[in-house]
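K.L.:
A single structure is presented below for examination.
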Amino acid sequence: MALLFDYALRQADSALILGHRLSEWIGHAPLLEEELALGNIALDLIGEARALYAHAGTVEGKGRDEDALAYRRDAGAFRNLLLVEQPNGDFAVTIIRQLLYSAFAHPFWRALGQSRDATLAAIAAKAEKEAAYHLRHAGEWLIRLGDGTAESHRRAQAALDELWPYSGELFETDAVELALIAEGVAVDPATLRPEWERTVAAVLAEATLAAPAGEWMQSGGRSGRHSEHLGHLLATMQFLQRAYPGAVW
Amino acid sequence: MYTQGLLHAKDDDRAAPEPADRLARFQARIDAEEKIEPNDWMPEAYRRTLVRMISQHAHSEIVGMLPEGNWLTRAPSLRRKAALLAKVQDEGGHGLYLYAAAETLGVSREELMEQLLLGKAKYSSIFNYPTLSWADIGAIGWLVDGAAIMNQIPLCRCSYGPYARAMIRICKEESFHQRQGFEIMLTLARGTSEQKAMAQDALDRWWWPSLMMFGPSDTQSQHSDASLRWKIKRFSNDELRQKFVDATVPQGRFLGLAFPDADLRYDEAAGHWRFGAIDWAEFRAVLAGNGPCNRQRLAQRSAADERGRWVRAAATAHAEKRRARAAE
Ligand SMILES: [Fe+2]
Ligand SMILES: [Fe+2]
């Protein structure tokens, strides 16, 4: 059960942190329609996180609810991907981050829909539909940016170069995952790699962008070794729960 | 209300005179409660009044996203975070329908946005106050959305069809926001002493600005008469303000909070809550651009617009390329 708790938490943390990042755009988006679209995606992701935290809390059986898990753990206990905690940057960075994540999330949730854990499978079935929209949104924007003006092309390429080293972590597996894969509960991310590569390559081609040549990949999210950014994000997000312990909101 | 800036709008009705028989037929349609549609003939002053009202309302929705957006990243629970995100998004959606309604009167969203960013357009004074604690999110939902509903329910019967229809859609969401805000206040009022103090402080700061949302007193307002005759508005500013006070005071008492008004008392004979004098000097100062956050709100919208310029340019350039390729 500890394995399942950990596994659900990983997915929940990634969904929450990415949703939180997107919510930072509200009031700052490049056009009104994007205020709404980014807000929608953030809402989907936070919804996924809530379902996953609830499941993790139940599996753990120590009475921790979604807020205990989201608001009362420190950065080292978070298990999200490094990719999703990266700052919003300009709109191109946000779109690249979303594309790299959603091109993985879409087949991931589809595969997890077959999980032998019925709750995970149900959460995955809903998340798959949401991820399909997130992927389409990011893909369409990246094509506009890459194949738009000289400036947007330059920014999109720079964003891709900046975030590419965080894409390797999507496909990592560790002992927790291997054990759950063997039980038919978890998805082996390595099996998703060909589809992810095809999806990303197709978008990059249409966007006239080049995948970076560098092989080096950053790693650490799954073991709680994060970038400096996560601590600041949590300091903001968790402020009220930390400042008024025990209060109900 | 969201269109309180009418106080300062300048009218120039000295344009070409409109034929009396047309004006009379128009007024007859209004009196018969017919809806005026975009392609129908309408007096120029009617059109201009509506453009002003609808655009001020739209701008208020968009600027109104900012004070609440200030707490999106700090919402104290995931449920509150999701609800606030959905609410702020609803307000953006309201802005979109309203700009679309204004477009039926021949002004584009781009023009209206430009006026807003140049500081030439008005929006509700309420959004120039800061959100200093989480309780402000409760107070805004309860009081600001509550005041908006008072004003907007009669606008669902506005004589101009597209505005009336937009209002019907919007009102449903606003009343949801109002209940959600009240529920935040209730949770705080029943919470720890610190939370209760937070709720009281929010009421202290938001109460008077909420009353100012209804705009100047009827004795001051230049536009109410024509707006009432054309059935753009159905009630005067003071009537709506009184309705709001009557509906809201019992809710505040239920919360166990005190209103920051020593003169507030129930008038048994009239069946109304009587309230003290509104500080109109403060109201005028905020409308004139000197509220606590006027500059900050416009600066944030301008910065977003500026930072998004290359994105919009990319979208336009890409669409051009597609069209060119399709034509080949
Ligand atoms: Fe609204
Ligand atoms: Fe609202």
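Following the order of the structure tokens, first chain is A, next is B, and so on, with residues numbered from 1 inside each chain and ligands from 1 in the order they appear.
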What's the 8 Å shell around stretch 120-134 of chain A, counting only C-alpha atoms, without same-chain residues fewer than 3 positions away, as a ChimeraX atom specification?

P.N.:
/A:8,41,44,48,51-52,55,98-99,102,105-110,112-117,137-138

K.L.:
Give me the residues of chain A that have any atom at most 8 Å from an atom of chain B; for each, the nearest atom pair and the distance in Å, rounded to one decimal. Use only C-alpha atoms, sort by chain and number, and format it as a Markdown table.

P.N.:
```
| residue | atom | partner | partner_atom | distance |
| --- | --- | --- | --- | --- |
| A:His20 | CA | B:Thr73 | CA | 6.7 |
| A:Ser23 | CA | B:Leu72 | CA | 6.8 |
| A:Glu24 | CA | B:Thr73 | CA | 6.6 |
| A:Ile26 | CA | B:Gly69 | CA | 6.4 |
| A:Gly27 | CA | B:Leu66 | CA | 5.8 |
| A:His28 | CA | B:Ala304 | CA | 4.7 |
| A:Ala29 | CA | B:Ala304 | CA | 6.0 |
| A:Pro30 | CA | B:Gly308 | CA | 3.7 |
| A:Leu31 | CA | B:Gly308 | CA | 6.9 |
| A:Leu32 | CA | B:Gly92 | CA | 7.1 |
| A:Glu35 | CA | B:Gly92 | CA | 7.3 |
| A:Leu36 | CA | B:Gln89 | CA | 5.7 |
| A:Gly39 | CA | B:Gln89 | CA | 6.5 |
| A:Asn40 | CA | B:Gln89 | CA | 7.9 |
| A:Leu43 | CA | B:Ala82 | CA | 6.1 |
| A:Ile46 | CA | B:Ala82 | CA | 6.9 |
| A:Gly47 | CA | B:Ala82 | CA | 7.5 |
| A:Arg50 | CA | B:Leu78 | CA | 7.1 |
| A:Glu66 | CA | B:Leu78 | CA | 7.4 |
| A:Asp67 | CA | B:Ser77 | CA | 5.9 |
| A:Ala70 | CA | B:Leu78 | CA | 7.9 |
| A:Tyr71 | CA | B:Ser77 | CA | 7.7 |
| A:Phe91 | CA | B:Val311 | CA | 7.5 |
| A:Arg144 | CA | B:His318 | CA | 5.4 |
| A:Leu145 | CA | B:Ala314 | CA | 5.6 |
| A:Asp147 | CA | B:His318 | CA | 6.0 |
| A:Gly148 | CA | B:Ala314 | CA | 4.2 |
| A:Thr149 | CA | B:Ala314 | CA | 5.2 |
| A:Glu151 | CA | B:Trp310 | CA | 7.2 |
| A:Ser152 | CA | B:Ala314 | CA | 6.0 |
| A:Thr236 | CA | B:Arg74 | CA | 5.8 |
| A:Met237 | CA | B:Arg74 | CA | 4.7 |
| A:Gln238 | CA | B:Arg74 | CA | 6.8 |
| A:Phe239 | CA | B:Arg74 | CA | 6.6 |
| A:Leu240 | CA | B:Pro76 | CA | 5.5 |
| A:Gln241 | CA | B:Pro76 | CA | 6.1 |
| A:Ala247 | CA | B:Thr192 | CA | 6.6 |
| A:Val248 | CA | B:Gly191 | CA | 6.7 |
| A:Trp249 | CA | B:Thr187 | CA | 6.3 |
```

K.L.:
Could you write out the selected residues, including N, CA and C atoms, as a short mmCIF file (atom, residue, chain, number, x, y, z; two decimals), in the first residue's frame?

P.N.:
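And here's again-v7.cif as it stands now:
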```cif
data_model
loop_
_atom_site.label_atom_id
_atom_site.label_comp_id
_atom_site.auth_asym_id
_atom_site.auth_seq_id
_atom_site.Cartn_x
_atom_site.Cartn_y
_atom_site.Cartn_z
N HIS A 20 -1.07 24.85 -10.53
CA HIS A 20 -0.75 26.07 -9.79
C HIS A 20 0.03 27.05 -10.68
N SER A 23 -2.23 28.73 -13.00
CA SER A 23 -3.11 29.72 -12.36
C SER A 23 -2.37 31.04 -12.15
N GLU A 24 -1.06 31.01 -12.13
CA GLU A 24 -0.28 32.25 -12.01
C GLU A 24 -0.47 33.16 -13.23
N ILE A 26 -3.31 33.94 -14.57
CA ILE A 26 -4.59 34.64 -14.60
C ILE A 26 -4.37 36.12 -14.25
N GLY A 27 -4.86 36.95 -15.14
CA GLY A 27 -4.63 38.39 -15.00
C GLY A 27 -3.38 38.87 -15.73
N HIS A 28 -2.65 37.95 -16.31
CA HIS A 28 -1.41 38.30 -17.01
C HIS A 28 -1.31 37.70 -18.41
N ALA A 29 -2.36 37.01 -18.85
CA ALA A 29 -2.29 36.25 -20.10
C ALA A 29 -2.27 37.19 -21.31
N PRO A 30 -1.73 36.71 -22.43
CA PRO A 30 -1.57 37.57 -23.61
C PRO A 30 -2.89 37.96 -24.28
N LEU A 31 -3.95 37.21 -24.06
CA LEU A 31 -5.26 37.65 -24.54
C LEU A 31 -6.35 37.02 -23.70
N LEU A 32 -7.52 37.64 -23.76
CA LEU A 32 -8.61 37.24 -22.87
C LEU A 32 -8.95 35.77 -23.04
N GLU A 35 -6.71 33.75 -20.98
CA GLU A 35 -7.00 33.77 -19.54
C GLU A 35 -7.95 32.60 -19.25
N LEU A 36 -8.92 32.43 -20.16
CA LEU A 36 -9.92 31.39 -19.94
C LEU A 36 -9.36 30.01 -20.21
N GLY A 39 -6.88 28.98 -17.56
CA GLY A 39 -7.66 28.73 -16.34
C GLY A 39 -8.35 27.37 -16.40
N ASN A 40 -8.89 27.05 -17.58
CA ASN A 40 -9.54 25.73 -17.75
C ASN A 40 -8.59 24.59 -17.52
N LEU A 43 -7.75 24.28 -13.95
CA LEU A 43 -8.85 23.65 -13.20
C LEU A 43 -8.87 22.15 -13.40
N ILE A 46 -5.94 20.68 -11.33
CA ILE A 46 -6.19 20.72 -9.88
C ILE A 46 -7.26 19.69 -9.52
N GLY A 47 -8.23 19.52 -10.40
CA GLY A 47 -9.25 18.49 -10.18
C GLY A 47 -8.63 17.09 -10.17
N ARG A 50 -6.77 16.64 -6.93
CA ARG A 50 -7.64 16.40 -5.76
C ARG A 50 -8.09 14.94 -5.70
N GLU A 66 -6.82 15.72 1.24
CA GLU A 66 -6.14 16.39 0.11
C GLU A 66 -5.35 17.61 0.57
N ASP A 67 -5.91 18.35 1.54
CA ASP A 67 -5.21 19.56 1.96
C ASP A 67 -4.00 19.25 2.84
N ALA A 70 -1.45 18.44 0.24
CA ALA A 70 -1.02 19.54 -0.63
C ALA A 70 -0.37 20.68 0.15
N TYR A 71 -0.87 20.94 1.33
CA TYR A 71 -0.47 22.16 2.04
C TYR A 71 0.47 21.92 3.21
N PHE A 91 5.26 33.27 -22.62
CA PHE A 91 4.19 32.36 -23.04
C PHE A 91 4.76 31.12 -23.75
N ARG A 144 1.68 27.98 -33.90
CA ARG A 144 1.56 29.43 -34.17
C ARG A 144 2.83 30.17 -33.79
N LEU A 145 3.40 29.81 -32.66
CA LEU A 145 4.58 30.54 -32.20
C LEU A 145 5.80 30.20 -33.05
N ASP A 147 5.92 28.92 -36.09
CA ASP A 147 5.75 29.34 -37.47
C ASP A 147 4.96 30.64 -37.53
N GLY A 148 5.34 31.59 -36.67
CA GLY A 148 4.65 32.88 -36.63
C GLY A 148 5.56 33.97 -37.14
N THR A 149 6.10 34.76 -36.22
CA THR A 149 7.04 35.82 -36.58
C THR A 149 8.45 35.36 -36.23
N GLU A 151 10.39 36.80 -34.14
CA GLU A 151 10.53 36.88 -32.68
C GLU A 151 9.90 35.68 -31.99
N SER A 152 8.70 35.31 -32.43
CA SER A 152 8.02 34.20 -31.75
C SER A 152 8.77 32.89 -32.01
N THR A 236 4.31 30.31 -1.21
CA THR A 236 3.12 31.09 -1.56
C THR A 236 1.86 30.25 -1.36
N MET A 237 1.86 29.09 -1.95
CA MET A 237 0.65 28.26 -1.96
C MET A 237 0.23 27.87 -0.55
N GLN A 238 1.19 27.53 0.30
CA GLN A 238 0.86 26.97 1.61
C GLN A 238 0.75 28.02 2.71
N PHE A 239 0.91 29.29 2.35
CA PHE A 239 1.04 30.33 3.36
C PHE A 239 -0.08 30.32 4.42
N LEU A 240 -1.35 30.28 4.00
CA LEU A 240 -2.40 30.39 5.01
C LEU A 240 -2.45 29.17 5.92
N GLN A 241 -2.26 28.01 5.34
CA GLN A 241 -2.28 26.78 6.16
C GLN A 241 -1.13 26.78 7.16
N ALA A 247 -6.64 25.87 11.48
CA ALA A 247 -7.85 26.58 11.05
C ALA A 247 -8.51 25.83 9.89
N VAL A 248 -9.84 25.97 9.83
CA VAL A 248 -10.60 25.36 8.72
C VAL A 248 -11.03 26.49 7.80
N TRP A 249 -10.87 26.28 6.52
CA TRP A 249 -11.13 27.37 5.56
C TRP A 249 -12.33 27.09 4.70
#
```

K.L.:
Counting only C-alpha atoms and all ligand atoms, name the residues that have an atom within 10 Å of an atom of ligand 2; the answer should be given as a PDB file with N, CA, C and O atoms, in the first residue's frame.

P.N.:
```pdb
ATOM      1  N   GLU B  61     -15.719  43.614 -15.483  1.00  0.00           N
ATOM      2  CA  GLU B  61     -15.523  42.169 -15.351  1.00  0.00           C
ATOM      3  C   GLU B  61     -14.044  41.827 -15.493  1.00  0.00           C
ATOM      4  O   GLU B  61     -13.494  41.011 -14.744  1.00  0.00           O
ATOM      5  N   GLY B  64     -12.027  43.375 -12.752  1.00  0.00           N
ATOM      6  CA  GLY B  64     -12.458  42.670 -11.544  1.00  0.00           C
ATOM      7  C   GLY B  64     -11.769  41.327 -11.343  1.00  0.00           C
ATOM      8  O   GLY B  64     -11.766  40.783 -10.236  1.00  0.00           O
ATOM      9  N   MET B  65     -11.179  40.790 -12.396  1.00  0.00           N
ATOM     10  CA  MET B  65     -10.439  39.528 -12.238  1.00  0.00           C
ATOM     11  C   MET B  65      -9.169  39.750 -11.407  1.00  0.00           C
ATOM     12  O   MET B  65      -8.648  38.815 -10.812  1.00  0.00           O
ATOM     13  N   LYS B  87     -14.396  30.940 -10.515  1.00  0.00           N
ATOM     14  CA  LYS B  87     -15.102  32.227 -10.430  1.00  0.00           C
ATOM     15  C   LYS B  87     -14.399  33.283 -11.277  1.00  0.00           C
ATOM     16  O   LYS B  87     -15.041  33.995 -12.055  1.00  0.00           O
ATOM     17  N   VAL B  88     -13.084  33.368 -11.133  1.00  0.00           N
ATOM     18  CA  VAL B  88     -12.347  34.386 -11.883  1.00  0.00           C
ATOM     19  C   VAL B  88     -12.510  34.130 -13.384  1.00  0.00           C
ATOM     20  O   VAL B  88     -12.655  35.055 -14.188  1.00  0.00           O
ATOM     21  N   GLN B  89     -12.553  32.849 -13.732  1.00  0.00           N
ATOM     22  CA  GLN B  89     -12.783  32.501 -15.133  1.00  0.00           C
ATOM     23  C   GLN B  89     -14.168  32.908 -15.596  1.00  0.00           C
ATOM     24  O   GLN B  89     -14.338  33.386 -16.715  1.00  0.00           O
ATOM     25  N   ASP B  90     -15.167  32.718 -14.733  1.00  0.00           N
ATOM     26  CA  ASP B  90     -16.525  33.163 -15.080  1.00  0.00           C
ATOM     27  C   ASP B  90     -16.516  34.655 -15.390  1.00  0.00           C
ATOM     28  O   ASP B  90     -17.161  35.109 -16.336  1.00  0.00           O
ATOM     29  N   GLU B  91     -15.788  35.427 -14.571  1.00  0.00           N
ATOM     30  CA  GLU B  91     -15.781  36.881 -14.776  1.00  0.00           C
ATOM     31  C   GLU B  91     -15.162  37.200 -16.147  1.00  0.00           C
ATOM     32  O   GLU B  91     -15.647  38.076 -16.867  1.00  0.00           O
ATOM     33  N   GLY B  92     -14.114  36.480 -16.511  1.00  0.00           N
ATOM     34  CA  GLY B  92     -13.528  36.668 -17.836  1.00  0.00           C
ATOM     35  C   GLY B  92     -14.531  36.330 -18.931  1.00  0.00           C
ATOM     36  O   GLY B  92     -14.638  37.034 -19.940  1.00  0.00           O
ATOM     37  N   HIS B  94     -17.757  36.594 -18.628  1.00  0.00           N
ATOM     38  CA  HIS B  94     -18.731  37.695 -18.663  1.00  0.00           C
ATOM     39  C   HIS B  94     -18.185  38.836 -19.519  1.00  0.00           C
ATOM     40  O   HIS B  94     -18.917  39.438 -20.304  1.00  0.00           O
ATOM     41  N   ILE B 140     -15.778  39.979  -1.252  1.00  0.00           N
ATOM     42  CA  ILE B 140     -16.067  40.354  -2.646  1.00  0.00           C
ATOM     43  C   ILE B 140     -17.226  39.517  -3.183  1.00  0.00           C
ATOM     44  O   ILE B 140     -18.162  40.040  -3.782  1.00  0.00           O
ATOM     45  N   GLY B 141     -17.176  38.219  -2.963  1.00  0.00           N
ATOM     46  CA  GLY B 141     -18.272  37.375  -3.450  1.00  0.00           C
ATOM     47  C   GLY B 141     -19.600  37.794  -2.821  1.00  0.00           C
ATOM     48  O   GLY B 141     -20.598  38.011  -3.514  1.00  0.00           O
ATOM     49  N   TRP B 142     -19.572  37.915  -1.521  1.00  0.00           N
ATOM     50  CA  TRP B 142     -20.811  38.244  -0.797  1.00  0.00           C
ATOM     51  C   TRP B 142     -21.324  39.636  -1.165  1.00  0.00           C
ATOM     52  O   TRP B 142     -22.473  39.805  -1.573  1.00  0.00           O
ATOM     53  N   VAL B 144     -19.756  42.293  -3.334  1.00  0.00           N
ATOM     54  CA  VAL B 144     -19.585  42.863  -4.669  1.00  0.00           C
ATOM     55  C   VAL B 144     -20.435  42.106  -5.678  1.00  0.00           C
ATOM     56  O   VAL B 144     -21.169  42.702  -6.473  1.00  0.00           O
ATOM     57  N   ASP B 145     -20.366  40.783  -5.639  1.00  0.00           N
ATOM     58  CA  ASP B 145     -21.249  40.026  -6.535  1.00  0.00           C
ATOM     59  C   ASP B 145     -22.705  40.227  -6.106  1.00  0.00           C
ATOM     60  O   ASP B 145     -23.600  40.282  -6.947  1.00  0.00           O
ATOM     61  N   GLY B 146     -22.919  40.367  -4.791  1.00  0.00           N
ATOM     62  CA  GLY B 146     -24.274  40.619  -4.297  1.00  0.00           C
ATOM     63  C   GLY B 146     -24.819  41.925  -4.841  1.00  0.00           C
ATOM     64  O   GLY B 146     -25.966  42.008  -5.294  1.00  0.00           O
ATOM     65  N   ALA B 147     -24.007  42.975  -4.818  1.00  0.00           N
ATOM     66  CA  ALA B 147     -24.437  44.272  -5.343  1.00  0.00           C
ATOM     67  C   ALA B 147     -24.626  44.184  -6.857  1.00  0.00           C
ATOM     68  O   ALA B 147     -25.566  44.749  -7.417  1.00  0.00           O
ATOM     69  N   ALA B 148     -23.740  43.443  -7.510  1.00  0.00           N
ATOM     70  CA  ALA B 148     -23.854  43.290  -8.963  1.00  0.00           C
ATOM     71  C   ALA B 148     -25.187  42.649  -9.323  1.00  0.00           C
ATOM     72  O   ALA B 148     -25.864  43.072 -10.266  1.00  0.00           O
ATOM     73  N   ILE B 149     -25.579  41.656  -8.557  1.00  0.00           N
ATOM     74  CA  ILE B 149     -26.849  40.971  -8.850  1.00  0.00           C
ATOM     75  C   ILE B 149     -28.037  41.925  -8.725  1.00  0.00           C
ATOM     76  O   ILE B 149     -28.934  41.933  -9.564  1.00  0.00           O
ATOM     77  N   ILE B 170     -25.351  35.838 -17.314  1.00  0.00           N
ATOM     78  CA  ILE B 170     -24.396  36.287 -16.297  1.00  0.00           C
ATOM     79  C   ILE B 170     -24.991  36.211 -14.897  1.00  0.00           C
ATOM     80  O   ILE B 170     -24.319  35.805 -13.948  1.00  0.00           O
ATOM     81  N   CYS B 171     -26.263  36.578 -14.770  1.00  0.00           N
ATOM     82  CA  CYS B 171     -26.880  36.628 -13.435  1.00  0.00           C
ATOM     83  C   CYS B 171     -26.858  35.281 -12.724  1.00  0.00           C
ATOM     84  O   CYS B 171     -26.681  35.211 -11.523  1.00  0.00           O
ATOM     85  N   LYS B 172     -27.057  34.218 -13.503  1.00  0.00           N
ATOM     86  CA  LYS B 172     -27.041  32.890 -12.885  1.00  0.00           C
ATOM     87  C   LYS B 172     -25.705  32.649 -12.213  1.00  0.00           C
ATOM     88  O   LYS B 172     -25.630  32.130 -11.106  1.00  0.00           O
ATOM     89  N   GLU B 173     -24.635  33.022 -12.921  1.00  0.00           N
ATOM     90  CA  GLU B 173     -23.302  32.783 -12.366  1.00  0.00           C
ATOM     91  C   GLU B 173     -23.018  33.722 -11.195  1.00  0.00           C
ATOM     92  O   GLU B 173     -22.413  33.320 -10.215  1.00  0.00           O
ATOM     93  N   GLU B 174     -23.482  34.971 -11.300  1.00  0.00           N
ATOM     94  CA  GLU B 174     -23.219  35.919 -10.212  1.00  0.00           C
ATOM     95  C   GLU B 174     -23.879  35.451  -8.918  1.00  0.00           C
ATOM     96  O   GLU B 174     -23.327  35.622  -7.839  1.00  0.00           O
ATOM     97  N   SER B 175     -25.061  34.859  -9.025  1.00  0.00           N
ATOM     98  CA  SER B 175     -25.702  34.480  -7.761  1.00  0.00           C
ATOM     99  C   SER B 175     -24.967  33.279  -7.158  1.00  0.00           C
ATOM    100  O   SER B 175     -24.870  33.162  -5.941  1.00  0.00           O
ATOM    101  N   PHE B 176     -24.401  32.463  -7.998  1.00  0.00           N
ATOM    102  CA  PHE B 176     -23.550  31.385  -7.485  1.00  0.00           C
ATOM    103  C   PHE B 176     -22.327  31.973  -6.780  1.00  0.00           C
ATOM    104  O   PHE B 176     -21.950  31.544  -5.689  1.00  0.00           O
ATOM    105  N   HIS B 177     -21.733  32.986  -7.387  1.00  0.00           N
ATOM    106  CA  HIS B 177     -20.561  33.628  -6.761  1.00  0.00           C
ATOM    107  C   HIS B 177     -20.918  34.242  -5.407  1.00  0.00           C
ATOM    108  O   HIS B 177     -20.139  34.191  -4.465  1.00  0.00           O
ATOM    109  N   GLN B 178     -22.111  34.829  -5.363  1.00  0.00           N
ATOM    110  CA  GLN B 178     -22.521  35.490  -4.121  1.00  0.00           C
ATOM    111  C   GLN B 178     -22.670  34.457  -3.006  1.00  0.00           C
ATOM    112  O   GLN B 178     -22.193  34.661  -1.895  1.00  0.00           O
ATOM    113  N   GLY B 181     -19.238  33.322  -1.882  1.00  0.00           N
ATOM    114  CA  GLY B 181     -18.576  34.336  -1.061  1.00  0.00           C
ATOM    115  C   GLY B 181     -19.144  34.341   0.348  1.00  0.00           C
ATOM    116  O   GLY B 181     -18.394  34.405   1.333  1.00  0.00           O
TER     117      GLY B 181
END
```

K.L.:
Hey, what's within 12 Å of B:Asp40 if we count only C-alpha atoms and toss same-chain stuff fewer than 2 positions away? As a list in words, please?

P.N.:
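The residues that qualify are Arg22, Arg25, Phe26, Arg29, Glu34, Lys35, Ile36, Glu37, Pro38, Met42, Pro43, Glu44, Tyr46, Arg47, Thr104, Leu105, Tyr160 and Gly161 of chain B.
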
K.L.:
How about saving the chosen residues, N, CA and C atoms kept, as a PDB file, in the first residue's frame?

P.N.:
```
ATOM      1  N   ARG B  22     -40.024  59.101 -35.859  1.00  0.00           N
ATOM      2  CA  ARG B  22     -39.216  57.901 -35.576  1.00  0.00           C
ATOM      3  C   ARG B  22     -38.981  57.742 -34.083  1.00  0.00           C
ATOM      4  N   ARG B  25     -42.092  56.499 -32.526  1.00  0.00           N
ATOM      5  CA  ARG B  25     -42.312  55.058 -32.774  1.00  0.00           C
ATOM      6  C   ARG B  25     -41.380  54.222 -31.915  1.00  0.00           C
ATOM      7  N   PHE B  26     -40.141  54.708 -31.785  1.00  0.00           N
ATOM      8  CA  PHE B  26     -39.154  53.998 -30.964  1.00  0.00           C
ATOM      9  C   PHE B  26     -39.640  53.926 -29.516  1.00  0.00           C
ATOM     10  N   ARG B  29     -42.360  51.453 -28.999  1.00  0.00           N
ATOM     11  CA  ARG B  29     -41.884  50.059 -28.921  1.00  0.00           C
ATOM     12  C   ARG B  29     -41.358  49.763 -27.524  1.00  0.00           C
ATOM     13  N   GLU B  34     -41.201  45.911 -26.134  1.00  0.00           N
ATOM     14  CA  GLU B  34     -40.529  45.173 -27.219  1.00  0.00           C
ATOM     15  C   GLU B  34     -39.029  45.268 -27.024  1.00  0.00           C
ATOM     16  N   LYS B  35     -38.296  44.249 -27.459  1.00  0.00           N
ATOM     17  CA  LYS B  35     -36.833  44.304 -27.387  1.00  0.00           C
ATOM     18  C   LYS B  35     -36.302  45.009 -28.636  1.00  0.00           C
ATOM     19  N   ILE B  36     -35.310  45.855 -28.425  1.00  0.00           N
ATOM     20  CA  ILE B  36     -34.641  46.509 -29.545  1.00  0.00           C
ATOM     21  C   ILE B  36     -33.467  45.614 -29.948  1.00  0.00           C
ATOM     22  N   GLU B  37     -33.368  45.335 -31.248  1.00  0.00           N
ATOM     23  CA  GLU B  37     -32.301  44.449 -31.724  1.00  0.00           C
ATOM     24  C   GLU B  37     -31.276  45.256 -32.535  1.00  0.00           C
ATOM     25  N   PRO B  38     -30.080  44.682 -32.740  1.00  0.00           N
ATOM     26  CA  PRO B  38     -28.985  45.444 -33.356  1.00  0.00           C
ATOM     27  C   PRO B  38     -29.341  46.135 -34.674  1.00  0.00           C
ATOM     28  N   MET B  42     -32.426  53.097 -33.889  1.00  0.00           N
ATOM     29  CA  MET B  42     -32.437  53.566 -32.498  1.00  0.00           C
ATOM     30  C   MET B  42     -31.840  54.967 -32.441  1.00  0.00           C
ATOM     31  N   PRO B  43     -32.296  55.775 -31.510  1.00  0.00           N
ATOM     32  CA  PRO B  43     -31.720  57.119 -31.394  1.00  0.00           C
ATOM     33  C   PRO B  43     -30.229  57.002 -31.068  1.00  0.00           C
ATOM     34  N   GLU B  44     -29.461  57.947 -31.592  1.00  0.00           N
ATOM     35  CA  GLU B  44     -28.028  57.921 -31.364  1.00  0.00           C
ATOM     36  C   GLU B  44     -27.683  57.949 -29.857  1.00  0.00           C
ATOM     37  N   TYR B  46     -29.413  56.742 -27.445  1.00  0.00           N
ATOM     38  CA  TYR B  46     -29.710  55.415 -26.875  1.00  0.00           C
ATOM     39  C   TYR B  46     -28.530  54.490 -27.144  1.00  0.00           C
ATOM     40  N   ARG B  47     -28.061  54.520 -28.384  1.00  0.00           N
ATOM     41  CA  ARG B  47     -26.941  53.662 -28.752  1.00  0.00           C
ATOM     42  C   ARG B  47     -25.704  54.009 -27.910  1.00  0.00           C
ATOM     43  N   THR B 104     -22.294  44.461 -31.127  1.00  0.00           N
ATOM     44  CA  THR B 104     -23.537  44.565 -31.910  1.00  0.00           C
ATOM     45  C   THR B 104     -23.938  46.030 -32.094  1.00  0.00           C
ATOM     46  N   LEU B 105     -23.326  46.926 -31.322  1.00  0.00           N
ATOM     47  CA  LEU B 105     -23.635  48.359 -31.446  1.00  0.00           C
ATOM     48  C   LEU B 105     -22.562  49.081 -32.244  1.00  0.00           C
ATOM     49  N   TYR B 160     -32.654  46.656 -24.601  1.00  0.00           N
ATOM     50  CA  TYR B 160     -31.766  46.235 -25.688  1.00  0.00           C
ATOM     51  C   TYR B 160     -31.527  44.718 -25.610  1.00  0.00           C
ATOM     52  N   GLY B 161     -32.008  44.006 -26.611  1.00  0.00           N
ATOM     53  CA  GLY B 161     -32.024  42.539 -26.596  1.00  0.00           C
ATOM     54  C   GLY B 161     -30.698  41.875 -26.258  1.00  0.00           C
TER      55      GLY B 161
END
```

K.L.:
Just the residues within 10 Å of stretch 242-244 of chain B, please, counting only C-alpha atoms, with nothing from its chain fewer than 4 positions along; format it as an MDAnalysis selection string.

P.N.:
chainID B and resid 143 146:151 210:211 214 237:238 248:249 272:275

K.L.:
Could you name the residues that touch A:Arg64 at 12 Å or less, counting only C-alpha atoms, but leaving out those on the same chain fewer than 4 positions away, as a PyMOL selection string?

P.N.:
chain A and resi 5+53-60+68-73

K.L.:
Suppose we keep C-alpha atoms; can you now write the selection as a CSV table (one decimal), in the first residue's frame?

P.N.:
```
chain,number,residue,atom,x,y,z
A,5,PHE,CA,0.4,5.8,-1.9
A,53,TYR,CA,-4.7,13.0,-3.2
A,54,ALA,CA,-8.0,11.7,-1.9
A,55,HIS,CA,-7.1,8.3,-3.2
A,56,ALA,CA,-3.5,8.5,-1.8
A,57,GLY,CA,-4.9,9.6,1.6
A,58,THR,CA,-7.3,6.7,1.7
A,59,VAL,CA,-4.7,4.2,0.7
A,60,GLU,CA,-2.3,5.6,3.3
A,68,ALA,CA,-2.9,17.8,4.4
A,69,LEU,CA,-1.1,16.4,1.5
A,70,ALA,CA,-1.0,19.5,-0.6
A,71,TYR,CA,-0.5,22.2,2.0
A,72,ARG,CA,1.4,20.5,4.9
A,73,ARG,CA,4.3,18.8,3.2
```

K.L.:
Extract, using only C-alpha atoms, all DNA, RNA and protein residues at most 10 Å from A:Glu172, discarding same-chain residues fewer than 2 positions from it, and format them as a short mmCIF file (atom, residue, chain, number, x, y, z; two decimals) with C-alpha atoms, in the first residue's frame.

P.N.:
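As written to disk, selection-v3.cif reads:
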```cif
data_model
loop_
_atom_site.label_atom_id
_atom_site.label_comp_id
_atom_site.auth_asym_id
_atom_site.auth_seq_id
_atom_site.Cartn_x
_atom_site.Cartn_y
_atom_site.Cartn_z
CA SER A 167 11.84 15.76 -20.54
CA GLY A 168 13.97 12.72 -19.69
CA GLU A 169 12.45 12.45 -16.24
CA LEU A 170 9.07 11.62 -17.76
CA ASP A 174 12.38 3.30 -9.95
CA GLU A 177 7.15 1.86 -10.19
CA ASP A 188 5.70 1.47 -17.59
CA PRO A 189 6.57 4.94 -18.92
CA ALA A 190 9.23 3.52 -21.22
CA SER A 219 16.52 14.31 -12.67
CA ARG A 222 10.77 11.61 -7.90
#
```
